[in-house]
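Presented below is the structure to which this report refers.
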Amino acid sequence: MTTPIAEAIRHIAVDLAVVRAAHARIAPHIQRTPVLSNAALDRAAGTTLFFKCENLQRVGAFKARGACNAVLSLSDAEAARGVVTHSSGNHGAALAWAAQRRGIPAWIVMPANAPTVKQNAVRGFGGTIRFCEATVAAREEACAAVQAESGATLVHPYNDWRVIAGQGTAALELLTEFPQLDAIITPVGGGGLLSGTAIVATATKPSIKVYGAEPAGADDAAQSLRAGHIVPQLNPRTIADGLRSSLGDKTFAVISSLVEGIGTVSEEAIVHAMRLAWEKLKVVIEPSGAVPLAAVLDRAFALEGLRVGVILSGGNVDLERLPWQT
């Protein structure tokens, strides 16, 4: 099935006001994450970089924002029946955390090969894991089964306006603190973070450029923009496990109309950028979070001399399996 751009952009249900309302709703629960800079990374990139450290967010990833907004947006009757999602890890942990804060049950459908560190995070926040095969069809089937059993509300990892609005609050904070930015780059998997960022950035500062970055081995977003319709992610091959999803119709609608472009990077570039961030910024980021920095260092975009915001999306890493030790 294809979604033409003309049809996709017809209705985007989130605007700057919706994101501001989401921020007011979730602010008592989330971290206002710091923004770091580093002269050595600026020189290497040929730009002035501002790193929004969502790796220091609750549950170790920006996903806390969207999950919290979705859970807090539920009516009392909906909340009482709980929530369900499918996730390779960060969104699942975030939804379990948000549900725990509201005192409601959460079921998280995860592929059997999900990283142990992310499985443990879901359990640590009281979520109930249902394992499935690592396919979109298997995830959706397992979610539907939980919904049929419990009446739980599905909170999609990215193709949900409440989630998109929540993810946009990271860019809202970044641009409030640094309104002089010329561009913002985020990783793109399913597209929730990139969509929320694009909505906020282009409404706040029309001249700003918003870019997405993804692994060359999971480049469905770049293919989708070129094709003018959603190209499904069929066989992703990347260390960046958080970026293996396909775009949804909602995220495609935003990205196809508001995002300047998508850059792709090699696995070697991802590992190099991840290590550089650890060494220079002194922060732990996961491979998915390193992808935008890799794109900047590889000159995937024309950013020379500009002021560029980079959202470091997460920091949940299995410390027993660091990529430069294999």
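A note on labels: chains of the structure tokens are A, B, ... as shown, every chain counts residues from 1, and ligands are counted from 1 in their shown order.
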How would you write, as an mmCIF file with C-alpha atoms, in the first residue's frame, the set of residues in region 91-205 of chain A that DSSP gives as alpha helix (DSSP H)?
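Final file, part-v9.cif:
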data_model
loop_
_atom_site.group_PDB
_atom_site.id
_atom_site.type_symbol
_atom_site.label_atom_id
_atom_site.label_comp_id
_atom_site.auth_asym_id
_atom_site.auth_seq_id
_atom_site.Cartn_x
_atom_site.Cartn_y
_atom_site.Cartn_z
ATOM 1 C CA HIS A 91 9.180 3.164 23.881
ATOM 2 C CA GLY A 92 8.153 0.045 25.756
ATOM 3 C CA ALA A 93 10.116 1.080 28.829
ATOM 4 C CA ALA A 94 8.771 4.622 28.522
ATOM 5 C CA LEU A 95 5.160 3.464 28.322
ATOM 6 C CA ALA A 96 5.641 1.132 31.290
ATOM 7 C CA TRP A 97 7.165 4.036 33.246
ATOM 8 C CA ALA A 98 4.367 6.442 32.330
ATOM 9 C CA ALA A 99 1.716 3.848 33.167
ATOM 10 C CA GLN A 100 3.381 3.158 36.515
ATOM 11 C CA ARG A 101 3.257 6.871 37.345
ATOM 12 C CA ARG A 102 -0.480 6.891 36.654
ATOM 13 C CA THR A 116 18.348 -7.639 27.431
ATOM 14 C CA VAL A 117 18.999 -4.190 28.883
ATOM 15 C CA LYS A 118 15.757 -2.969 27.333
ATOM 16 C CA GLN A 119 13.745 -5.999 28.465
ATOM 17 C CA ASN A 120 14.987 -5.409 32.000
ATOM 18 C CA ALA A 121 13.981 -1.762 31.801
ATOM 19 C CA VAL A 122 10.393 -2.679 30.880
ATOM 20 C CA ARG A 123 10.159 -5.134 33.761
ATOM 21 C CA GLY A 124 11.756 -2.646 36.129
ATOM 22 C CA VAL A 136 5.616 -5.976 12.038
ATOM 23 C CA ALA A 137 2.790 -8.455 11.472
ATOM 24 C CA ALA A 138 3.701 -10.455 14.585
ATOM 25 C CA ARG A 139 3.897 -7.295 16.706
ATOM 26 C CA GLU A 140 0.515 -6.051 15.546
ATOM 27 C CA GLU A 141 -1.104 -9.461 16.040
ATOM 28 C CA ALA A 142 0.215 -9.693 19.606
ATOM 29 C CA CYS A 143 -0.989 -6.165 20.407
ATOM 30 C CA ALA A 144 -4.438 -6.972 19.034
ATOM 31 C CA ALA A 145 -4.597 -10.066 21.246
ATOM 32 C CA VAL A 146 -3.810 -8.024 24.364
ATOM 33 C CA GLN A 147 -6.422 -5.432 23.404
ATOM 34 C CA ALA A 148 -9.030 -8.153 22.925
ATOM 35 C CA GLU A 149 -8.225 -9.659 26.340
ATOM 36 C CA SER A 150 -7.976 -6.467 28.382
ATOM 37 C CA TRP A 161 -0.541 12.243 17.389
ATOM 38 C CA ARG A 162 -0.298 12.252 21.192
ATOM 39 C CA VAL A 163 3.121 10.621 20.972
ATOM 40 C CA ILE A 164 4.286 12.944 18.192
ATOM 41 C CA ALA A 165 3.234 15.991 20.239
ATOM 42 C CA GLY A 166 5.127 14.706 23.256
ATOM 43 C CA GLN A 167 8.275 14.062 21.259
ATOM 44 C CA GLY A 168 8.129 17.596 19.916
ATOM 45 C CA THR A 169 8.653 18.994 23.407
ATOM 46 C CA ALA A 170 12.398 18.243 23.188
ATOM 47 C CA ALA A 171 12.755 20.670 20.279
ATOM 48 C CA LEU A 172 10.497 23.152 22.069
ATOM 49 C CA GLU A 173 12.932 23.227 24.985
ATOM 50 C CA LEU A 174 15.964 23.371 22.698
ATOM 51 C CA LEU A 175 14.681 26.316 20.670
ATOM 52 C CA THR A 176 13.518 28.152 23.766
ATOM 53 C CA GLU A 177 17.069 27.986 25.094
ATOM 54 C CA GLY A 192 7.859 10.350 15.823
ATOM 55 C CA LEU A 193 10.798 12.408 17.078
ATOM 56 C CA LEU A 194 11.573 13.871 13.657
ATOM 57 C CA SER A 195 7.904 14.722 13.092
ATOM 58 C CA GLY A 196 7.464 16.453 16.442
ATOM 59 C CA THR A 197 10.737 18.311 15.943
ATOM 60 C CA ALA A 198 9.745 19.494 12.460
ATOM 61 C CA ILE A 199 6.342 20.735 13.633
ATOM 62 C CA VAL A 200 7.873 22.782 16.440
ATOM 63 C CA ALA A 201 10.937 24.048 14.597
ATOM 64 C CA THR A 202 9.237 25.229 11.412
ATOM 65 C CA ALA A 203 6.417 26.906 13.349
ATOM 66 C CA THR A 204 8.822 28.600 15.744
#
Legend entry - Polymer residues at most 7 Å from Leu56 (chain A), only C-alpha atoms, same-chain spacing of 4 or more positions, as an MDAnalysis selection string: chainID A and resid 33 60:61
Inset, instruction - List the neighbours of region 307-316 of chain A out to 7 Å using only C-alpha atoms; skip same-chain residues closer than 2 positions along the sequence, and give me the result as a list in words. - result: Thr47, Thr48, Leu49, Phe50, Phe51, Lys52, Cys53, Glu54, Asn55, Gly60, Ala61, Phe62, Leu181, Asp182, Ala183, Ile184, Ile185, Thr186, Val284, Ile285, Glu286, Gly289, Ala290, Pro292, Gly305 and Asp318 of chain A
Go ahead and write the selection's residues with C-alpha atoms as a PDB file, in the first residue's frame.
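Written output follows (again17.pdb):
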ATOM      1  CA  THR A  47      29.668  23.656  12.485  1.00  0.00           C
ATOM      2  CA  THR A  48      28.660  24.892  15.923  1.00  0.00           C
ATOM      3  CA  LEU A  49      26.807  21.993  17.527  1.00  0.00           C
ATOM      4  CA  PHE A  50      24.272  22.042  20.355  1.00  0.00           C
ATOM      5  CA  PHE A  51      23.543  18.571  21.721  1.00  0.00           C
ATOM      6  CA  LYS A  52      20.141  18.086  23.368  1.00  0.00           C
ATOM      7  CA  CYS A  53      20.865  15.210  25.758  1.00  0.00           C
ATOM      8  CA  GLU A  54      17.737  13.067  25.716  1.00  0.00           C
ATOM      9  CA  ASN A  55      19.991  10.189  26.737  1.00  0.00           C
ATOM     10  CA  GLY A  60      17.170   7.009  29.208  1.00  0.00           C
ATOM     11  CA  ALA A  61      15.461   8.218  26.040  1.00  0.00           C
ATOM     12  CA  PHE A  62      13.219  10.883  24.509  1.00  0.00           C
ATOM     13  CA  LEU A 181      19.764  27.665  15.644  1.00  0.00           C
ATOM     14  CA  ASP A 182      19.902  27.384  11.858  1.00  0.00           C
ATOM     15  CA  ALA A 183      19.137  23.644  11.674  1.00  0.00           C
ATOM     16  CA  ILE A 184      18.109  20.668  13.814  1.00  0.00           C
ATOM     17  CA  ILE A 185      18.919  17.014  13.150  1.00  0.00           C
ATOM     18  CA  THR A 186      17.288  13.984  14.749  1.00  0.00           C
ATOM     19  CA  VAL A 284      26.671   7.573  27.182  1.00  0.00           C
ATOM     20  CA  ILE A 285      24.607   7.343  24.007  1.00  0.00           C
ATOM     21  CA  GLU A 286      23.308   4.296  22.164  1.00  0.00           C
ATOM     22  CA  GLY A 289      21.431   8.342  19.276  1.00  0.00           C
ATOM     23  CA  ALA A 290      24.781   8.563  17.489  1.00  0.00           C
ATOM     24  CA  PRO A 292      22.704  12.350  13.704  1.00  0.00           C
ATOM     25  CA  GLY A 305      29.436  27.383   9.497  1.00  0.00           C
ATOM     26  CA  ASP A 318      24.373  -3.053  26.949  1.00  0.00           C
TER      27      ASP A 318
END
Legend entry - Spatial neighbours of Glu279 (chain A), max dist 12 Å, only C-alpha atoms, sep filter under 6 positions, as a list in words: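 Those residues are Asn38, Ala40, Leu41, His272, Ala273 and Ile285 of chain A.
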Write out, as a compact mmCIF listing (two decimals), in the first residue's frame, the residues just selected, with N, CA and C atoms.
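Listed below is the output, again_7.txt:
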# COMPACT_ATOMS: atom_id res chain seq x y z
N ASN A 38 30.88 21.08 22.46
CA ASN A 38 32.26 20.64 22.55
C ASN A 38 33.04 21.21 21.37
N ALA A 40 35.98 20.46 20.15
CA ALA A 40 36.61 19.48 19.27
C ALA A 40 35.61 18.92 18.26
N LEU A 41 34.38 18.66 18.71
CA LEU A 41 33.36 18.16 17.79
C LEU A 41 32.94 19.26 16.80
N HIS A 272 31.76 5.09 15.19
CA HIS A 272 32.74 6.16 15.40
C HIS A 272 32.11 7.35 16.12
N ALA A 273 30.91 7.76 15.69
CA ALA A 273 30.24 8.89 16.32
C ALA A 273 29.84 8.57 17.76
N ILE A 285 25.72 7.40 24.96
CA ILE A 285 24.61 7.34 24.01
C ILE A 285 24.60 5.97 23.33
DSSP says strand (DSSP E or B) for which residues of region 232-278 of chain A? Put them as a CSV table (one decimal) with C-alpha atoms, in the first residue's frame?
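The file below, selection05.csv, is the result:
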chain,number,residue,atom,x,y,z
A,261,GLY,CA,16.0,15.9,3.8
A,262,ILE,CA,17.2,12.6,5.1
A,263,GLY,CA,20.8,11.6,5.3
A,264,THR,CA,22.2,8.1,5.6
A,265,VAL,CA,25.3,6.8,7.3
Legend entry - Interatomic distance (Å, one decimal) between CA of Pro187 (chain A) and CA of Tyr211 (chain A): 8.6 Å
Skipping near chain neighbours, those fewer than 6 positions away, what residues fall within 9 Å of Ser245 (chain A) using only C-alpha atoms, listed as a PDB file with N, CA and C atoms, in the first residue's frame?
ATOM      1  N   VAL A 136       6.697  -6.922  11.769  1.00  0.00           N
ATOM      2  CA  VAL A 136       5.616  -5.976  12.038  1.00  0.00           C
ATOM      3  C   VAL A 136       4.300  -6.713  12.225  1.00  0.00           C
ATOM      4  N   VAL A 188      15.900   9.114  12.643  1.00  0.00           N
ATOM      5  CA  VAL A 188      14.557   8.760  12.199  1.00  0.00           C
ATOM      6  C   VAL A 188      14.455   7.252  12.050  1.00  0.00           C
ATOM      7  N   GLY A 189      13.498   6.687  12.765  1.00  0.00           N
ATOM      8  CA  GLY A 189      13.134   5.285  12.631  1.00  0.00           C
ATOM      9  C   GLY A 189      11.689   5.268  12.161  1.00  0.00           C
ATOM     10  N   GLY A 190      10.755   5.240  13.126  1.00  0.00           N
ATOM     11  CA  GLY A 190       9.349   5.391  12.778  1.00  0.00           C
ATOM     12  C   GLY A 190       8.962   6.825  12.486  1.00  0.00           C
ATOM     13  N   GLY A 191       9.762   7.781  12.990  1.00  0.00           N
ATOM     14  CA  GLY A 191       9.566   9.178  12.626  1.00  0.00           C
ATOM     15  C   GLY A 191       8.857  10.042  13.637  1.00  0.00           C
ATOM     16  N   ALA A 218      19.091   0.768   6.889  1.00  0.00           N
ATOM     17  CA  ALA A 218      17.677   0.870   7.272  1.00  0.00           C
ATOM     18  C   ALA A 218      17.165   2.220   6.770  1.00  0.00           C
ATOM     19  N   ASP A 220      14.645   3.400   4.895  1.00  0.00           N
ATOM     20  CA  ASP A 220      13.308   3.503   4.328  1.00  0.00           C
ATOM     21  C   ASP A 220      12.783   4.930   4.293  1.00  0.00           C
ATOM     22  N   PRO A 232       8.075   0.494   2.769  1.00  0.00           N
ATOM     23  CA  PRO A 232       8.200  -0.254   4.017  1.00  0.00           C
ATOM     24  C   PRO A 232       9.635  -0.702   4.299  1.00  0.00           C
ATOM     25  N   GLN A 233       9.941  -0.776   5.578  1.00  0.00           N
ATOM     26  CA  GLN A 233      11.232  -1.298   6.022  1.00  0.00           C
ATOM     27  C   GLN A 233      11.124  -2.822   6.064  1.00  0.00           C
ATOM     28  N   PRO A 236      15.865  -4.538   7.703  1.00  0.00           N
ATOM     29  CA  PRO A 236      16.858  -3.601   8.230  1.00  0.00           C
ATOM     30  C   PRO A 236      18.087  -4.320   8.774  1.00  0.00           C
TER      31      PRO A 236
END
Inset, instruction - Go ahead and compute the interatomic distance for CA of Thr238 (chain A) and CA of Val35 (chain A), in Å to one decimal. - result: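 Between CA of Thr238 (chain A) and CA of Val35 (chain A) the gap is 27.2 Å.
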Tell me, as a PDB file with N, CA and C atoms, in the first residue's frame, which residues lie within 6 Å of region 131-134 of chain A, counting only C-alpha atoms; anything in the same chain fewer than 2 positions away does not count.
ATOM      1  N   VAL A 109       4.628  -5.499  23.961  1.00  0.00           N
ATOM      2  CA  VAL A 109       4.961  -6.557  23.010  1.00  0.00           C
ATOM      3  C   VAL A 109       6.355  -6.270  22.475  1.00  0.00           C
ATOM      4  N   MET A 110       7.267  -7.239  22.646  1.00  0.00           N
ATOM      5  CA  MET A 110       8.657  -7.051  22.250  1.00  0.00           C
ATOM      6  C   MET A 110       9.123  -8.222  21.390  1.00  0.00           C
ATOM      7  N   PRO A 111       9.965  -7.961  20.391  1.00  0.00           N
ATOM      8  CA  PRO A 111      10.562  -9.072  19.650  1.00  0.00           C
ATOM      9  C   PRO A 111      11.463  -9.884  20.568  1.00  0.00           C
ATOM     10  N   ALA A 112      11.537 -11.157  20.322  1.00  0.00           N
ATOM     11  CA  ALA A 112      12.314 -12.038  21.195  1.00  0.00           C
ATOM     12  C   ALA A 112      13.794 -11.687  21.229  1.00  0.00           C
ATOM     13  N   ALA A 138       3.745  -9.751  13.302  1.00  0.00           N
ATOM     14  CA  ALA A 138       3.701 -10.455  14.585  1.00  0.00           C
ATOM     15  C   ALA A 138       3.468  -9.480  15.730  1.00  0.00           C
TER      16      ALA A 138
END
Legend entry - Using only C-alpha atoms: which of A:Asn69, A:Ser207, A:Gly217, A:Asn90 has the shortest distance to Pro115 (chain A): A:Asn90
Inset, instruction - Please identify all polymer residues within 12 Å of Asp76 (chain A), counting only C-alpha atoms, omitting same-chain residues fewer than 3 positions from it, and present them as a PyMOL selection string. - result: chain A and resi 71-73+79-82+102-104+153
Legend entry - Which residue of A:Val59, A:Ala21, A:Val254, A:Val317 approaches Val210 (chain A) most closely, using only C-alpha atoms: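 Under the stated criterion, the closest residue is A:Val254.
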